[in-house]
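Asker: My structure is below; once you've seen it, I'll send some questions.
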Amino acid sequence: MYEFISRITEMYGRKIEDKTIKTKTELTASLENNISCIKEAFSGSSDLTVHQLDLRGIRGAVISIDNMINKDMLAQGILRPLYAYSFSGDAEKCLTDIEYKLLYTDDIKEITTFEEVHQFIMSGFAVIAVEGCNKMLTVGIQGYRTRGISEPQSDVIQRGSKEGFVEALRTNITLVRRRIKSTKLKCEIITAGNISGTELCICYLAGTASDEILAELRKRIAAIDLDTILAAGYLVPYLEDSGVNSPFRGVGITERPDTLCGKMTEGRIGILIDGVPSALIVPYLFAEYFQTLDDYSNRPYFAVFTRLLKFAAFFISVLLPGFYTSLGTFDPEMFPTLTLNKIAVSIAGTPMSLMSETLLILLVYEIMRESGLRMPQPLGYAVSIVGGLVIGDTAINAGLIGAPTLMVVAISAICSYIIPNLYAPAAILRILFTIAGGIGGIWGLSAVFCMVFVELCAKTSFGIPYTSPITPPGVSALRDVFIRAGWKTLSKKQERIQNMPGSEVKEKCQNV
């Protein structure tokens, strides 16, 4: 038992390990030795291609990965000019002629280490090596297939662009560049992942984004110790502020380039990940979950209505089952008389307590949702229809569940889909509030609500209070929280994230 507890403590305990700095291996002047080392590193890979060349007495080679490059560009843009050119001089001059006289592309870079060779080869580049030279040239001739630009599936708007991010990093950068044609837009590409070597792009507006937040973001990305990065969720725990465990994320995510551009004009920083059709946004506040691009396309009065509707829907989705359970268990006299009679008959006709019945329906609903989400789309529709018929009709007729309880859970579930990015915390909090209401009544419900509220107020995102500008209040920033002022008002003073009330970044900027 002691050994088991020790292993659990070691697994989840915080450990600060000294990371050894990886040394890089320099290329040699021997072409044969370089190719041998590269083949040894890629041993067992049948898609590694090495084209041996005779450059008028000087041996050379073009190294690439099959199906990662455009073969027509390789033949017409690299091999054909190399064979047609009359080389003279030593190896250094030969490589210089290739770089400045033969290849008509700007995507050329000199590299000097084997680690760079491996990285560029696996990114769809062709590497040119020459005998007697301890450096190589990389040429971008990527030719792997990527998905075309299409409308996002989970971030749909009525008015606005129908373009969404795709898996190709360079394409995503282009989508952002098309919308912000300014030299202030900076795109820094860095690499993360010990094995995958995934490229990340930090996008921000110089002079708008906080230098302190940028420095802290680079520091956190440099501290990422992951072997592979296959989704945006891999990075979120490393980018959030430490010290507070919360069901809410301090990092936003979007599939829309126009949403990312709008956030960057407010001082946010975007992170694009190669192979991921979405972007991360830091810092990210709680109020931003209830903002969509449609709010700024519609008239202000309708945007205010929909925004208040979203806030109400979130609290209904989280609190309604717990509130219903607490009243039905401890304070049934608070129901209207006609409603109380129907609820009493429903509870008396079912074999379980009200709390158990509500939890059962919530769990069955989550099972149905997960099965419909993971199954193929035609089968997913069938599961939804069959599950709805079984739960909505057969279970009530069999006396296993009550109609009022089913109605409460259905309303709560529908409300949770109004803010899809908050579905995960809403689903967990809904169950917690149901248990608290069934055990402690209104007092238990109030205690859990206070705990969640205090935790929410204590959370920060890169030093910015998570509930800002609601608490601490900011007069000018509140014009785009519960209400949405008109564009003539919003354009007078552009709010930036580092200027939020109570922000540690604001205090640092004022002290500089």
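Quick note on naming: the chains in the structure tokens go A, B, ... in the order shown, residues restart at 1 in each chain, and ligands are numbered from 1 in order of appearance.
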With a cut-off of 12 Å, could you pull out the residues of range 278-381 of chain A touching range 214-223 of chain A and give me the nearest pair of atoms for each, distance in Å to one decimal, using only C-alpha atoms, ordered by chain and ascending number, as a tab-separated table?

Answerer:
residue	atom	partner	partner_atom	distance
A:Leu280	CA	A:Leu217	CA	11.9
A:Ile281	CA	A:Leu217	CA	11.1
A:Val282	CA	A:Leu217	CA	8.6
A:Pro283	CA	A:Leu217	CA	9.7

Asker: Determine which residues of range 142-387 of chain A receive a DSSP assignment of helix (DSSP H, G or I), computed from the backbone, and state them as a ChimeraX atom specification.

Answerer: /A:169-179,211-222,232-234,236-239,257-264,286-290,293-296,300-330,332-334,337-348,354-374,377-387

Asker: Which range 123-150 of chain A residues have any atom within 8 Å of an atom of range 85-94 of chain A, and for each, what is the nearest pair of atoms with distance in Å to one decimal, counting only C-alpha atoms, rows sorted by chain and number, as JSON lines?

Answerer:
{"residue": "A:Val130", "atom": "CA", "partner": "A:Ala91", "partner_atom": "CA", "distance": 6.5}
{"residue": "A:Glu131", "atom": "CA", "partner": "A:Ala91", "partner_atom": "CA", "distance": 6.5}
{"residue": "A:Gly132", "atom": "CA", "partner": "A:Ala91", "partner_atom": "CA", "distance": 5.6}
{"residue": "A:Cys133", "atom": "CA", "partner": "A:Ala91", "partner_atom": "CA", "distance": 5.7}

Asker: Those residues you just picked out, can you put them in a file as a PDB file, in the first residue's frame with all heavy atoms?

Answerer:
ATOM      1  N   VAL A 130      27.036  18.878 -51.208  1.00  0.00           N
ATOM      2  CA  VAL A 130      28.162  18.874 -52.147  1.00  0.00           C
ATOM      3  C   VAL A 130      29.395  18.343 -51.437  1.00  0.00           C
ATOM      4  O   VAL A 130      29.639  18.679 -50.265  1.00  0.00           O
ATOM      5  CB  VAL A 130      28.424  20.299 -52.707  1.00  0.00           C
ATOM      6  CG1 VAL A 130      29.642  20.304 -53.624  1.00  0.00           C
ATOM      7  CG2 VAL A 130      27.200  20.814 -53.453  1.00  0.00           C
ATOM      8  N   GLU A 131      30.164  17.522 -52.123  1.00  0.00           N
ATOM      9  CA  GLU A 131      31.407  16.969 -51.575  1.00  0.00           C
ATOM     10  C   GLU A 131      32.402  18.096 -51.275  1.00  0.00           C
ATOM     11  O   GLU A 131      32.625  18.991 -52.091  1.00  0.00           O
ATOM     12  CB  GLU A 131      32.020  15.984 -52.572  1.00  0.00           C
ATOM     13  CG  GLU A 131      33.384  15.441 -52.177  1.00  0.00           C
ATOM     14  CD  GLU A 131      33.337  14.568 -50.940  1.00  0.00           C
ATOM     15  OE1 GLU A 131      32.338  13.825 -50.784  1.00  0.00           O
ATOM     16  OE2 GLU A 131      34.275  14.641 -50.133  1.00  0.00           O
ATOM     17  N   GLY A 132      32.964  18.041 -50.047  1.00  0.00           N
ATOM     18  CA  GLY A 132      33.959  19.011 -49.647  1.00  0.00           C
ATOM     19  C   GLY A 132      33.399  20.242 -48.964  1.00  0.00           C
ATOM     20  O   GLY A 132      34.162  21.165 -48.651  1.00  0.00           O
ATOM     21  N   CYS A 133      32.099  20.269 -48.699  1.00  0.00           N
ATOM     22  CA  CYS A 133      31.462  21.427 -48.055  1.00  0.00           C
ATOM     23  C   CYS A 133      30.743  20.947 -46.804  1.00  0.00           C
ATOM     24  O   CYS A 133      29.972  19.971 -46.846  1.00  0.00           O
ATOM     25  CB  CYS A 133      30.491  22.109 -49.017  1.00  0.00           C
ATOM     26  SG  CYS A 133      29.911  23.700 -48.424  1.00  0.00           S
TER      27      CYS A 133
END

Asker: Can you work out which one of A:Phe290, A:Gly160, A:Ile128, A:Ser154 has the shortest atom-to-atom distance to Thr254 in chain A, counting only C-alpha atoms?

Answerer: A:Ser154

Asker: Quick check, in Å to one decimal: how far apart do CA of Ala436 in chain A and CA of Leu400 in chain A lie?

Answerer: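 It comes out at 22.7 Å.
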
Asker: Need to verify the contact set: range 425-434 of chain A, 8 Å, only C-alpha atoms, exclusion of same-chain residues closer than 5 positions in sequence. Can you return it as an MDAnalysis selection string?

Answerer: chainID A and resid 247:248 314 317:319 321:323 325:326 355 358:359 362 416 445 448:449

Asker: As a PyMOL selection string, please: every residue in range 93-331 of chain A that DSSP puts in strand (DSSP E or B).

Answerer: chain A and resi 108-111+113+125-130+136-140+142+185-192+198-205+252-254+269-273+279-282

Asker: Find the spatial neighbours of Gly164 in chain A, counting only C-alpha atoms, within a cut-off of 12 Å - ignore same-chain residues fewer than 5 positions away - and output them as a list of chain:residue names.

Answerer: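 Here the answer would be A:Arg147, A:Gly148, A:Ile149, A:Ser150, A:Glu151, A:Pro152, A:Gln153, A:Ser154, A:Asp155, A:Val156, A:Ile157, A:Thr171, A:Asn172, A:Ile173, A:Thr174, A:Leu175, A:Val176, A:Thr254, A:Glu255, A:Arg256, A:Pro257, A:Asp258, A:Thr259, A:Leu260, A:Val276, A:Pro277, A:Ser278, A:Ala279.
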
Asker: Identify, on the basis of only C-alpha atoms, every residue whose closest approach to range 180-188 of chain A does not exceed 10 Å; exclude the query and any residue fewer than 3 positions from it along the same chain; express the result as a ChimeraX atom specification.

Answerer: /A:173-177,200-208,258,261-262,264-265,270-272

Asker: Using N, CA and C atoms, can you write the selected residues to a file as an mmCIF file, in the first residue's frame?

Answerer:
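So again.cif came out as:
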data_model
loop_
_atom_site.group_PDB
_atom_site.id
_atom_site.type_symbol
_atom_site.label_atom_id
_atom_site.label_comp_id
_atom_site.auth_asym_id
_atom_site.auth_seq_id
_atom_site.Cartn_x
_atom_site.Cartn_y
_atom_site.Cartn_z
ATOM 1 N N ILE A 173 -1.294 30.890 -41.958
ATOM 2 C CA ILE A 173 -0.628 32.190 -41.856
ATOM 3 C C ILE A 173 -1.105 33.115 -42.972
ATOM 4 N N THR A 174 -1.289 32.557 -44.165
ATOM 5 C CA THR A 174 -1.777 33.355 -45.286
ATOM 6 C C THR A 174 -3.184 33.873 -45.025
ATOM 7 N N LEU A 175 -4.041 33.054 -44.424
ATOM 8 C CA LEU A 175 -5.402 33.487 -44.115
ATOM 9 C C LEU A 175 -5.402 34.675 -43.159
ATOM 10 N N VAL A 176 -4.453 34.681 -42.222
ATOM 11 C CA VAL A 176 -4.346 35.807 -41.294
ATOM 12 C C VAL A 176 -3.772 37.030 -42.006
ATOM 13 N N ARG A 177 -2.758 36.830 -42.842
ATOM 14 C CA ARG A 177 -2.131 37.931 -43.563
ATOM 15 C C ARG A 177 -3.117 38.625 -44.496
ATOM 16 N N LEU A 200 5.193 25.682 -34.546
ATOM 17 C CA LEU A 200 4.196 26.594 -33.979
ATOM 18 C C LEU A 200 4.477 27.989 -34.504
ATOM 19 N N CYS A 201 3.426 28.747 -34.738
ATOM 20 C CA CYS A 201 3.570 30.121 -35.207
ATOM 21 C C CYS A 201 2.895 31.061 -34.219
ATOM 22 N N ILE A 202 3.663 31.978 -33.645
ATOM 23 C CA ILE A 202 3.129 32.981 -32.729
ATOM 24 C C ILE A 202 2.783 34.223 -33.551
ATOM 25 N N CYS A 203 1.502 34.593 -33.572
ATOM 26 C CA CYS A 203 1.028 35.733 -34.353
ATOM 27 C C CYS A 203 0.593 36.842 -33.392
ATOM 28 N N TYR A 204 1.043 38.051 -33.652
ATOM 29 C CA TYR A 204 0.660 39.190 -32.809
ATOM 30 C C TYR A 204 0.907 40.477 -33.575
ATOM 31 N N LEU A 205 0.356 41.563 -33.057
ATOM 32 C CA LEU A 205 0.558 42.889 -33.633
ATOM 33 C C LEU A 205 1.560 43.636 -32.778
ATOM 34 N N ALA A 206 2.680 43.995 -33.371
ATOM 35 C CA ALA A 206 3.709 44.735 -32.647
ATOM 36 C C ALA A 206 3.166 46.097 -32.230
ATOM 37 N N GLY A 207 3.428 46.466 -30.980
ATOM 38 C CA GLY A 207 2.921 47.718 -30.447
ATOM 39 C C GLY A 207 1.554 47.603 -29.838
ATOM 40 N N THR A 208 0.827 46.527 -30.157
ATOM 41 C CA THR A 208 -0.498 46.289 -29.565
ATOM 42 C C THR A 208 -0.425 45.215 -28.498
ATOM 43 N N ASP A 258 -10.838 35.241 -39.002
ATOM 44 C CA ASP A 258 -11.327 36.583 -38.708
ATOM 45 C C ASP A 258 -11.497 36.792 -37.203
ATOM 46 N N CYS A 261 -8.017 37.474 -35.864
ATOM 47 C CA CYS A 261 -7.567 38.826 -36.206
ATOM 48 C C CYS A 261 -8.228 39.862 -35.307
ATOM 49 N N GLY A 262 -9.518 39.668 -35.015
ATOM 50 C CA GLY A 262 -10.197 40.592 -34.119
ATOM 51 C C GLY A 262 -9.607 40.581 -32.723
ATOM 52 N N MET A 264 -6.485 39.790 -31.987
ATOM 53 C CA MET A 264 -5.137 40.361 -32.021
ATOM 54 C C MET A 264 -5.165 41.883 -31.983
ATOM 55 N N THR A 265 -6.199 42.494 -32.556
ATOM 56 C CA THR A 265 -6.297 43.949 -32.488
ATOM 57 C C THR A 265 -6.570 44.439 -31.071
ATOM 58 N N GLY A 270 -2.043 35.027 -30.953
ATOM 59 C CA GLY A 270 -2.519 33.777 -31.518
ATOM 60 C C GLY A 270 -1.388 32.779 -31.698
ATOM 61 N N ILE A 271 -1.720 31.506 -31.551
ATOM 62 C CA ILE A 271 -0.753 30.424 -31.726
ATOM 63 C C ILE A 271 -1.323 29.442 -32.744
ATOM 64 N N LEU A 272 -0.695 29.359 -33.895
ATOM 65 C CA LEU A 272 -1.074 28.403 -34.931
ATOM 66 C C LEU A 272 -0.185 27.173 -34.820
#

Asker: Hey, which of A:Met407, A:Val139, A:Ile98, A:Ile253 ends up closest to Ile111 in chain A? Count only C-alpha atoms.

Answerer: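 Of A:Met407, A:Val139, A:Ile98, A:Ile253, the one nearest Ile111 in chain A, counting only C-alpha atoms, is A:Val139.
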
Asker: Can you pull out every residue within 10 Å of Leu102 in chain A, counting only C-alpha atoms, but drop anything in the same chain fewer than 4 positions away, and send it as JSON, numbers by chain?

Answerer: {"A": [77, 78, 80, 81, 82, 84, 85, 95, 96, 97, 98]}

Asker: Write the residues you've just listed into a file as a short mmCIF file (atom, residue, chain, number, x, y, z; two decimals), in the first residue's frame, and include N, CA, C and O atoms for each of them.

Answerer:
data_model
loop_
_atom_site.label_atom_id
_atom_site.label_comp_id
_atom_site.auth_asym_id
_atom_site.auth_seq_id
_atom_site.Cartn_x
_atom_site.Cartn_y
_atom_site.Cartn_z
N GLY A 77 12.89 22.05 -61.36
CA GLY A 77 13.42 23.20 -60.65
C GLY A 77 14.78 22.98 -60.00
O GLY A 77 15.48 23.95 -59.69
N ILE A 78 15.17 21.70 -59.80
CA ILE A 78 16.44 21.44 -59.12
C ILE A 78 17.36 20.56 -59.97
O ILE A 78 18.47 20.96 -60.33
N ARG A 80 17.23 19.40 -63.16
CA ARG A 80 17.53 19.85 -64.52
C ARG A 80 18.52 21.02 -64.53
O ARG A 80 19.50 20.98 -65.31
N PRO A 81 18.35 22.08 -63.73
CA PRO A 81 19.36 23.15 -63.71
C PRO A 81 20.73 22.67 -63.25
O PRO A 81 21.76 23.15 -63.74
N LEU A 82 20.76 21.72 -62.29
CA LEU A 82 22.05 21.23 -61.80
C LEU A 82 22.83 20.50 -62.89
O LEU A 82 24.05 20.66 -63.03
N ALA A 84 22.51 20.94 -66.12
CA ALA A 84 22.78 21.80 -67.27
C ALA A 84 23.85 22.84 -67.00
O ALA A 84 24.43 23.39 -67.96
N TYR A 85 24.15 23.13 -65.76
CA TYR A 85 25.07 24.22 -65.43
C TYR A 85 26.52 23.71 -65.48
O TYR A 85 26.82 22.58 -65.09
N LEU A 95 28.46 25.45 -54.24
CA LEU A 95 27.24 25.62 -53.45
C LEU A 95 26.71 27.05 -53.56
O LEU A 95 25.49 27.26 -53.60
N THR A 96 27.62 28.02 -53.66
CA THR A 96 27.20 29.42 -53.83
C THR A 96 26.51 29.63 -55.17
O THR A 96 25.50 30.35 -55.27
N ASP A 97 27.06 29.01 -56.23
CA ASP A 97 26.43 29.13 -57.55
C ASP A 97 25.04 28.52 -57.55
O ASP A 97 24.12 29.06 -58.17
N ILE A 98 24.89 27.40 -56.85
CA ILE A 98 23.57 26.76 -56.78
C ILE A 98 22.57 27.67 -56.09
O ILE A 98 21.42 27.82 -56.51
#
